[in-house]
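final_39.cif follows (mmCIF, C-alpha atoms and all ligand atoms):
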data_start
loop_
_atom_site.label_atom_id
_atom_site.label_comp_id
_atom_site.auth_asym_id
_atom_site.auth_seq_id
_atom_site.Cartn_x
_atom_site.Cartn_y
_atom_site.Cartn_z
CA MET A 151 -8.58 -206.06 -179.71
CA THR A 152 -10.74 -203.32 -178.23
CA PRO A 153 -9.12 -199.90 -178.32
CA MET A 154 -8.45 -198.46 -174.88
CA VAL A 155 -9.98 -195.14 -174.00
CA SER A 156 -7.83 -193.53 -171.39
CA ILE A 157 -8.49 -190.06 -170.06
CA LEU A 158 -6.03 -188.03 -168.05
CA ILE A 159 -7.81 -187.01 -164.91
CA SER A 160 -7.19 -183.32 -165.16
CA MET A 161 -7.10 -181.80 -168.58
CA GLY A 162 -3.76 -180.16 -169.20
CA GLN A 163 -1.99 -182.18 -166.49
CA SER A 164 0.58 -184.66 -167.66
CA LYS A 165 0.56 -186.69 -164.45
CA CYS A 166 -1.92 -187.66 -161.78
CA THR A 167 -0.92 -189.43 -158.54
CA GLY A 168 -3.20 -191.21 -156.08
CA TYR A 169 -2.43 -191.12 -152.35
CA LEU A 170 -4.25 -193.70 -150.23
CA ALA A 171 -4.81 -192.62 -146.62
CA PRO A 172 -4.59 -195.15 -143.79
CA VAL A 173 -8.07 -195.96 -142.41
CA ASP A 174 -9.35 -192.93 -140.41
CA PHE A 175 -6.46 -190.67 -141.53
CA GLU A 176 -8.00 -189.02 -144.59
CA ALA A 177 -8.06 -185.65 -142.78
CA ASP A 178 -4.34 -185.89 -141.87
CA LEU A 179 -3.48 -186.81 -145.45
CA LYS A 180 -5.39 -183.77 -146.74
CA VAL A 181 -3.62 -181.44 -144.30
CA GLU A 182 -0.23 -182.86 -145.26
CA LEU A 183 -0.95 -182.53 -149.00
CA THR A 184 -2.01 -178.92 -148.45
CA LEU A 185 1.15 -178.17 -146.43
CA LEU A 186 3.26 -179.73 -149.18
CA GLY A 187 1.52 -177.52 -151.78
CA ILE A 188 0.14 -180.53 -153.68
CA THR A 189 -3.09 -179.80 -155.57
CA MET A 190 -5.92 -182.22 -154.80
CA LEU A 191 -8.24 -183.02 -157.69
CA GLU A 192 -10.71 -185.65 -156.53
CA THR A 193 -11.40 -187.76 -153.44
CA HIS A 194 -12.68 -191.34 -153.74
CA GLY A 195 -13.04 -192.94 -150.31
CA ARG A 196 -9.54 -192.97 -148.78
CA LEU A 197 -7.96 -192.23 -152.16
CA ILE A 198 -7.02 -188.66 -153.02
CA LEU A 199 -6.07 -187.93 -156.62
CA CYS A 200 -3.56 -185.13 -157.01
CA GLU A 201 -1.77 -183.21 -159.71
CA GLY A 202 1.80 -184.06 -160.58
CA GLU A 203 4.44 -186.73 -160.01
CA ALA A 204 4.40 -188.83 -156.85
CA GLN A 205 5.89 -187.10 -153.78
CA ASP A 206 7.05 -188.58 -150.49
CA VAL A 207 3.89 -188.23 -148.39
CA VAL A 208 3.86 -189.65 -144.86
CA PHE A 209 0.11 -190.14 -144.48
CA ALA A 210 -0.09 -192.04 -147.75
CA GLN A 211 -0.23 -195.73 -146.85
CA ASP A 212 0.30 -196.39 -150.53
CA THR A 213 0.92 -194.24 -153.60
CA TRP A 214 -0.56 -194.91 -157.05
CA HIS A 215 1.56 -193.64 -159.92
CA ASP A 216 0.22 -192.20 -163.19
CA VAL A 217 -3.48 -192.69 -162.44
CA GLU A 218 -5.79 -192.67 -165.45
CA LYS A 219 -9.52 -192.93 -165.96
CA VAL A 220 -10.20 -195.73 -168.39
CA SER A 221 -13.61 -196.41 -169.94
CA TYR A 222 -14.72 -200.03 -170.37
CA SER A 223 -17.74 -201.73 -171.86
CA SER A 224 -17.90 -205.08 -170.04
CA ILE A 225 -16.12 -207.27 -167.48
CA GLY A 226 -14.20 -209.03 -170.24
CA ASN A 227 -13.31 -205.74 -171.88
CA ALA A 228 -12.02 -204.28 -168.57
CA ALA A 229 -9.83 -207.34 -167.97
CA GLU A 230 -8.53 -207.13 -171.54
CA LEU A 231 -7.66 -203.46 -171.07
CA LEU A 232 -5.81 -204.14 -167.83
CA ARG A 233 -3.96 -207.35 -168.73
CA GLY A 234 -0.44 -206.57 -169.91
CA ARG A 235 -0.30 -203.23 -168.13
CA ALA A 236 0.93 -204.96 -164.92
CA ASN A 237 1.92 -208.47 -163.85
CA ARG A 238 -0.11 -208.48 -160.63
CA TRP A 239 -3.39 -206.71 -159.90
CA SER A 240 -5.36 -205.67 -156.88
CA HIS A 241 -8.69 -203.92 -156.62
CA TYR A 242 -9.59 -201.00 -154.38
CA SER A 243 -13.32 -201.21 -153.84
CA LEU A 244 -15.40 -198.04 -154.18
CA ASN A 245 -18.57 -199.51 -155.68
CA ASN A 246 -19.63 -202.21 -158.17
CA HIS A 247 -17.77 -204.60 -155.89
CA ARG A 248 -19.01 -207.86 -157.48
CA ARG A 249 -18.21 -206.59 -160.97
CA ALA A 250 -14.71 -205.71 -159.83
CA GLU A 251 -14.24 -209.19 -158.36
CA LEU A 252 -15.23 -210.74 -161.69
CA ILE A 253 -12.70 -208.54 -163.48
CA LEU A 254 -10.02 -209.49 -160.97
CA GLU A 255 -10.77 -213.20 -161.52
CA LYS A 256 -9.71 -212.74 -165.14
CA LEU A 257 -6.37 -211.17 -164.19
CA PRO A 258 -3.21 -212.35 -162.44
CA SER A 259 -4.16 -211.07 -159.01
CA VAL A 260 -2.33 -210.57 -155.74
CA LYS A 261 -3.20 -213.19 -153.18
CA ILE A 262 -3.94 -211.59 -149.81
CA LYS A 263 -2.14 -213.68 -147.19
CA ARG A 264 -0.70 -213.51 -143.72
CA TYR A 265 3.07 -213.32 -143.41
CA ASN A 266 5.44 -214.71 -140.83
CA PHE A 267 8.13 -212.46 -139.35
CA LEU A 268 10.94 -211.94 -141.93
CA ASP A 269 9.13 -213.87 -144.68
CA PRO A 270 10.28 -212.71 -148.14
CA ILE A 271 7.93 -210.13 -149.66
CA PRO A 272 7.20 -210.19 -153.41
CA THR A 273 9.03 -207.45 -155.25
CA THR A 274 7.03 -207.15 -158.50
CA PRO A 275 5.04 -203.90 -158.56
CA ILE A 276 1.28 -204.14 -158.22
CA GLY A 277 -1.24 -202.51 -160.55
CA VAL A 278 -4.50 -201.39 -159.00
CA PHE A 279 -7.91 -200.53 -160.43
CA SER A 280 -11.04 -199.12 -158.92
CA LEU A 281 -14.45 -199.01 -160.56
CA LEU A 282 -16.03 -195.57 -160.54
CA SER A 283 -19.11 -196.78 -162.43
CA GLU A 284 -20.30 -199.53 -164.78
CA SER A 285 -18.29 -197.95 -167.56
CA MET A 286 -15.39 -196.05 -165.98
CA MET A 287 -12.48 -197.16 -163.82
CA LEU A 288 -9.42 -195.62 -162.22
CA VAL A 289 -6.22 -197.43 -163.17
CA SER A 290 -2.64 -197.25 -161.94
CA ASN A 291 -0.13 -199.68 -163.41
CA ARG A 292 2.28 -199.22 -160.52
CA THR A 293 1.91 -198.62 -156.81
CA ASN A 294 4.67 -197.99 -154.26
CA CYS A 295 4.03 -200.92 -151.95
CA PRO A 296 4.49 -204.52 -153.12
CA LEU A 297 1.49 -205.48 -150.93
CA PRO A 298 -2.07 -204.27 -151.63
CA PHE A 299 -2.95 -200.93 -150.04
CA GLY A 300 0.42 -200.75 -148.24
CA GLU A 301 -0.77 -203.18 -145.58
CA ILE A 302 0.86 -206.25 -144.12
CA ASN A 303 -0.92 -208.80 -141.96
CA PHE A 304 1.09 -211.19 -139.80
CA ASN A 305 0.56 -214.57 -138.26
CA GLU A 306 0.83 -213.06 -134.82
CA ASP A 307 2.66 -214.53 -131.85
CA LYS A 308 -0.03 -214.44 -129.19
CA ILE A 309 2.09 -216.20 -126.56
CA ASN A 310 5.57 -214.70 -126.20
CA PRO A 311 5.59 -210.91 -126.66
CA PRO A 312 4.20 -208.97 -123.69
CA SER A 313 2.45 -206.36 -125.89
CA ARG A 314 1.26 -206.00 -129.50
CA ALA A 315 3.73 -203.14 -130.07
CA TYR A 316 6.14 -205.80 -131.41
CA LEU A 317 4.14 -205.73 -134.66
CA LYS A 318 5.60 -202.29 -135.51
CA LEU A 319 9.13 -203.71 -135.58
CA TRP A 320 7.97 -206.87 -137.36
CA GLU A 321 6.54 -204.63 -140.12
CA LEU A 322 9.59 -202.38 -140.31
CA PHE A 323 11.95 -205.36 -140.51
CA THR A 324 9.84 -207.60 -142.80
CA LEU A 325 8.21 -205.18 -145.25
CA TYR A 326 10.75 -202.34 -145.28
CA LYS A 327 13.81 -204.52 -144.59
CA ILE A 328 15.18 -201.84 -142.26
CA MET A 329 16.74 -203.62 -139.30
CA PRO A 330 19.85 -204.20 -137.19
CA THR A 331 21.99 -207.28 -137.74
CA PRO A 332 22.87 -209.89 -135.10
CA GLY A 333 25.49 -208.76 -132.62
CA MET A 334 24.62 -205.08 -132.91
CA ARG A 335 24.28 -202.98 -129.77
CA VAL A 336 20.96 -201.14 -129.60
CA ILE A 337 18.96 -199.07 -127.12
CA ASP A 338 15.18 -199.31 -126.74
CA VAL A 339 13.70 -196.37 -124.81
CA GLY A 340 10.13 -196.40 -123.53
CA SER A 341 10.51 -200.17 -123.68
CA CYS A 342 7.97 -201.43 -121.14
CA PRO A 343 6.38 -203.99 -121.11
CA GLY A 344 9.01 -205.18 -123.58
CA GLY A 345 7.59 -206.07 -127.02
CA TRP A 346 10.32 -204.19 -128.93
CA THR A 347 13.07 -205.35 -126.56
CA TRP A 348 11.83 -208.93 -127.11
CA VAL A 349 12.02 -208.55 -130.94
CA LEU A 350 15.46 -206.91 -130.82
CA HIS A 351 16.79 -209.63 -128.54
CA ASN A 352 15.30 -212.34 -130.79
CA ILE A 353 17.18 -211.06 -133.84
CA GLY A 354 20.45 -211.28 -131.93
CA CYS A 355 21.01 -207.75 -130.62
CA ASP A 356 22.45 -206.70 -127.28
CA VAL A 357 19.73 -204.46 -125.90
CA VAL A 358 19.96 -201.57 -123.45
CA SER A 359 16.30 -201.29 -122.47
CA VAL A 360 15.07 -198.16 -120.68
CA ASP A 361 11.73 -197.31 -119.09
CA LYS A 362 10.42 -195.74 -115.92
CA ALA A 363 8.21 -198.82 -115.48
CA PRO A 364 9.50 -202.41 -115.07
CA LEU A 365 9.82 -204.85 -117.95
CA ASP A 366 7.68 -207.96 -118.15
CA PRO A 367 9.65 -210.53 -116.07
CA ARG A 368 9.89 -212.98 -119.01
CA VAL A 369 11.61 -210.30 -121.13
CA ALA A 370 13.75 -209.05 -118.23
CA ALA A 371 15.04 -212.62 -117.78
CA LEU A 372 16.42 -212.85 -121.35
CA PRO A 373 20.24 -213.03 -121.46
CA ARG A 374 21.36 -210.05 -123.59
CA ILE A 375 19.21 -207.37 -121.96
CA ASP A 376 20.58 -204.56 -119.84
CA PHE A 377 17.46 -203.01 -118.29
CA ARG A 378 17.66 -199.56 -116.73
CA GLN A 379 14.63 -198.33 -114.85
CA GLU A 380 14.87 -194.56 -115.25
CA SER A 381 13.60 -191.68 -117.38
CA ALA A 382 14.90 -191.72 -120.95
CA PHE A 383 15.08 -187.92 -120.86
CA GLY A 384 17.80 -188.03 -118.21
CA LEU A 385 20.04 -190.30 -120.33
CA ARG A 386 23.40 -188.97 -121.50
CA PRO A 387 24.80 -190.62 -124.66
CA GLN A 388 28.33 -190.69 -123.19
CA HIS A 389 27.04 -192.85 -120.30
CA ILE A 390 25.53 -195.36 -122.73
CA GLY A 391 28.43 -195.53 -125.19
CA LYS A 392 28.50 -196.50 -128.88
CA LEU A 393 25.17 -197.71 -130.31
CA ASP A 394 24.35 -199.15 -133.72
CA TRP A 395 20.65 -198.32 -133.32
CA PHE A 396 18.45 -196.10 -131.18
CA PHE A 397 14.84 -197.32 -130.90
CA SER A 398 12.08 -195.37 -129.19
CA ASP A 399 8.41 -196.07 -128.69
CA ILE A 400 8.25 -193.68 -125.77
CA ILE A 401 5.02 -191.84 -125.04
CA CYS A 402 5.93 -188.16 -125.25
CA TYR A 403 5.23 -185.01 -127.23
CA PRO A 404 6.97 -184.97 -130.64
CA ASP A 405 9.13 -181.96 -129.68
CA LYS A 406 10.47 -183.89 -126.64
CA LEU A 407 11.37 -186.78 -128.93
CA LEU A 408 13.10 -184.38 -131.33
CA GLU A 409 15.13 -183.02 -128.41
CA LEU A 410 16.10 -186.53 -127.26
CA VAL A 411 17.15 -187.83 -130.68
CA THR A 412 19.02 -184.59 -131.44
CA ARG A 413 21.08 -185.11 -128.28
CA PHE A 414 21.96 -188.67 -129.34
CA ARG A 415 22.62 -187.69 -133.00
CA ASP A 416 24.84 -184.79 -132.00
CA SER A 417 26.89 -187.10 -129.77
CA GLY A 418 28.03 -189.00 -132.88
CA LEU A 419 27.67 -192.21 -130.85
CA VAL A 420 24.56 -193.55 -132.65
CA ASP A 421 24.41 -194.72 -136.27
CA ASN A 422 20.71 -195.34 -136.92
CA PHE A 423 17.33 -194.46 -135.44
CA ALA A 424 13.79 -195.90 -135.56
CA CYS A 425 11.35 -193.97 -133.39
CA THR A 426 7.60 -193.68 -133.08
CA ILE A 427 6.38 -190.07 -133.21
CA LYS A 428 3.19 -190.12 -131.17
CA PHE A 429 0.65 -187.37 -131.77
CA GLN A 430 -1.97 -185.77 -129.60
CA ALA A 431 -4.83 -184.08 -131.43
CA PRO A 432 -4.10 -182.19 -133.61
CA THR A 433 -1.19 -183.82 -135.44
CA ASP A 434 2.07 -181.92 -134.91
CA PHE A 435 3.08 -181.53 -138.57
CA GLU A 436 5.67 -178.88 -137.73
CA THR A 437 7.81 -181.26 -135.64
CA MET A 438 7.14 -184.14 -138.05
CA PHE A 439 8.56 -182.06 -140.92
CA LYS A 440 11.57 -181.04 -138.77
CA LEU A 441 12.37 -184.73 -138.17
CA LYS A 442 11.81 -185.53 -141.86
CA ALA A 443 14.24 -182.77 -142.84
CA ILE A 444 17.13 -184.32 -140.88
CA PRO A 445 19.49 -185.78 -143.52
CA GLY A 446 19.02 -189.54 -143.97
CA SER A 447 15.44 -189.46 -142.67
CA LYS A 448 12.26 -191.12 -143.82
CA ILE A 449 8.89 -191.16 -142.11
CA ILE A 450 6.43 -193.99 -142.61
CA HIS A 451 2.91 -194.60 -141.40
CA LEU A 452 3.11 -198.33 -140.63
CA SER A 453 -0.03 -200.47 -141.00
CA CYS A 454 -0.17 -200.86 -137.23
CA ASN A 455 0.60 -197.22 -136.41
CA LYS A 456 -2.51 -195.49 -135.11
CA HIS A 457 -2.21 -191.72 -134.49
CA GLU A 458 1.57 -191.98 -134.75
CA VAL A 459 4.21 -192.40 -137.45
CA THR A 460 7.66 -193.98 -137.54
CA TRP A 461 10.77 -191.87 -138.09
CA ILE A 462 13.75 -193.69 -139.55
CA ASN A 463 17.21 -192.17 -139.81
CA LEU A 464 19.95 -194.25 -141.39
CA LYS A 465 23.63 -193.34 -141.32
CA GLN A 466 24.11 -194.77 -144.82
CA ASN A 467 21.53 -192.29 -146.21
CA SER A 468 22.71 -189.22 -144.36
CA LYS A 469 25.98 -188.61 -146.22
C1 LIG B 501 3.72 -197.51 -125.90
S1 LIG B 501 4.61 -197.94 -124.48
C2 LIG B 501 5.97 -198.82 -125.21
C3 LIG B 501 5.63 -200.22 -125.63
C4 LIG B 501 6.90 -201.00 -125.96
N1 LIG B 501 7.55 -200.50 -127.15
C5 LIG B 501 6.63 -202.45 -126.16
O1 LIG B 501 6.98 -202.97 -127.22
O2 LIG B 501 6.12 -203.11 -125.24
C6 LIG B 501 5.34 -196.43 -124.04
C7 LIG B 501 6.26 -196.49 -122.85
O3 LIG B 501 6.89 -195.20 -122.69
C8 LIG B 501 7.24 -195.16 -121.32
N2 LIG B 501 7.65 -193.81 -120.92
C9 LIG B 501 6.92 -192.69 -120.83
N3 LIG B 501 7.70 -191.66 -120.39
C10 LIG B 501 8.94 -192.17 -120.23
C11 LIG B 501 10.18 -191.62 -119.80
N4 LIG B 501 10.29 -190.33 -119.47
N5 LIG B 501 11.26 -192.43 -119.77
C12 LIG B 501 11.18 -193.73 -120.10
N6 LIG B 501 10.02 -194.30 -120.49
C13 LIG B 501 8.92 -193.53 -120.55
C14 LIG B 501 6.00 -195.65 -120.61
O4 LIG B 501 6.34 -196.07 -119.29
C15 LIG B 501 5.57 -196.80 -121.53
O5 LIG B 501 6.05 -198.02 -121.01
#
Please rewrite the model in this file as structure tokens.
Ligand SMILES: C[S@@+](CC[C@H](N)C(=O)[O-])C[C@H]1O[C@@H](n2cnc3c(N)ncnc32)[C@H](O)[C@@H]1O
Amino acid sequence: MTPMVSILISMGQSKCTGYLAPVDFEADLKVELTLLGITMLETHGRLILCEGEAQDVVFAQDTWHDVEKVSYSSIGNAAELLRGRANRWSHYSLNNHRRAELILEKLPSVKIKRYNFLDPIPTTPIGVFSLLSESMMLVSNRTNCPLPFGEINFNEDKINPPSRAYLKLWELFTLYKIMPTPGMRVIDVGSCPGGWTWVLHNIGCDVVSVDKAPLDPRVAALPRIDFRQESAFGLRPQHIGKLDWFFSDIICYPDKLLELVTRFRDSGLVDNFACTIKFQAPTDFETMFKLKAIPGSKIIHLSCNKHEVTWINLKQNSK
């Protein structure tokens, strides 16, 4: 067996973590890392290698734990070095693409596939490697997301939903398993033309749907939808009553969203929240961090989020 030569990326550092930016969000990831006081060591494409243990970073689509530089002498040698370190492998291509494919062929690899809504997602962690040259590769035995690069691709429904926004909830419910259960009462604000309302109705919720614009008639005609055509910012929680979930995909400045969700949280009438924080340029990190700091919160950049992120606040996590 060939001995493995593994080099810690920064001499003197016990840990190195890789944060993979969503496509086109490398700059946002760098700003966030700087604001969090995380030291960046090297950038390789969308991957930023940093000092220290993995942190919760919003603009990281995926996080690579304990990254090492490993030297290899051949395709067979690379595969031999990797096998046994993880049960499933993926490859993040920087260069030497064909060579990397040949290495991957010799390993148990992750099959890239399209998922249906609520399909089970594999739970075994994925190892990832990336060739830096013909003799050196980056290796992480464990990444955060059970799908390569933190991305999920769906067999889309191109007929029924009135907008592609439904894919955000499909991802949240399928990949993150964060979702209401049938019979729950939910509100969807900024709901037009009705993609989210359509998903929430389909999973068995009673939906209060609010927008200044009308819903698509096919969604408005569904049985468990109470549509209110008005501004979400005029809503008073006491007039809506008890809600299991508050959903928002409303177009507004992040500080307006913070104001709205604070009003509903403070009322004590809502248990859980899932809201899109939509940014103008530049990204409003200040408000994003305020929302993240609310007990029970998590912020995710979903695969289908563009210049926006998804704030989740769960009652069960806020105690
Ligand atoms: C991105 S769209 C929502 C798409 C929707 N989630 C779907 O699945 O079809 C944003 C919506 O926010 C709505 N909106 C903007 N300001 C609003 C306000 N003050 N009150 C209610 N809705 C508002 C817009 O009318 C628009 O329909």
| query | Which residue out of A:Ala250, A:Ile271, A:Val339, A:Val349 has the minimum interatomic distance to Trp320 of chain A when all atoms listed in the file are used? | reply |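 Once distances to Trp320 of chain A are computed over all atoms listed in the file, the minimum belongs to A:Val349.
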Kindly provide, as a compact mmCIF listing (two decimals) with C-alpha atoms, keeping the file's coordinate frame, all nucleotide and amino acid residues lying within 6 Å of ligand LIG 501 (chain B), counting all atoms listed in the file.
# COMPACT_ATOMS: atom_id res chain seq x y z
CA SER A 313 2.45 -206.36 -125.89
CA ALA A 315 3.73 -203.14 -130.07
CA TYR A 316 6.14 -205.80 -131.41
CA VAL A 339 13.70 -196.37 -124.81
CA GLY A 340 10.13 -196.40 -123.53
CA SER A 341 10.51 -200.17 -123.68
CA CYS A 342 7.97 -201.43 -121.14
CA PRO A 343 6.38 -203.99 -121.11
CA GLY A 344 9.01 -205.18 -123.58
CA GLY A 345 7.59 -206.07 -127.02
CA TRP A 346 10.32 -204.19 -128.93
CA VAL A 360 15.07 -198.16 -120.68
CA ASP A 361 11.73 -197.31 -119.09
CA LYS A 362 10.42 -195.74 -115.92
CA ALA A 363 8.21 -198.82 -115.48
CA SER A 381 13.60 -191.68 -117.38
CA ALA A 382 14.90 -191.72 -120.95
CA PHE A 383 15.08 -187.92 -120.86
CA ASP A 399 8.41 -196.07 -128.69
CA ILE A 400 8.25 -193.68 -125.77
CA ILE A 401 5.02 -191.84 -125.04
| message | Quick check, in Å to one decimal: how far apart do atom CA of Leu186 of chain A and atom CA of Tyr326 of chain A lie? | response | 24.1 Å
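Around Leu393 of chain A, within 10 Å and counting all atoms listed in the file, the residues found are A:Met334, A:Arg335, A:Val336, A:Ile337, A:Asp356, A:Val357, A:Val358, A:Pro387, A:Phe414, A:Gly418, A:Leu419, A:Val420, A:Asp421, A:Asn422, A:Phe423, once anything fewer than 4 positions away on its own chain is removed.
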| request: Enter the distance from atom CA of Thr274 of chain A to atom CA of Thr213 of chain A, in Å, rounded to one decimal. | output: 15.1 Å
Box time for segment 408-421 of chain A: axis-aligned, enclosing all its listed atoms, 5 Å extra on each side; report centre and edge lengths in Å to one decimal, as JSON.
{"center_x": 20.6, "center_y": -188.9, "center_z": -131.8, "size_x": 24.9, "size_y": 21.7, "size_z": 19.0}
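Atom pair atom CA of Gln205 of chain A / atom CA of Cys425 of chain A has a distance of 22.2 Å (rounded to one decimal).
For the choices A:Ser398, A:Ser447, A:Asn352, A:Asn455, the atom-to-atom distance to Leu410 of chain A is smallest for A:Ser398 when using all atoms listed in the file.
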| task | Between A:Leu199, A:Ala210, A:Met190, A:Ile309, single out the one closest to Leu170 of chain A, counting all atoms listed in the file. | result |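 Once distances to Leu170 of chain A are computed over all atoms listed in the file, the minimum belongs to A:Ala210.
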| remark: Across A:Thr167, A:Ser223, A:Asn467, A:Thr324, the smallest distance to Glu301 of chain A, with all atoms listed in the file counted, is shown by A:Thr324
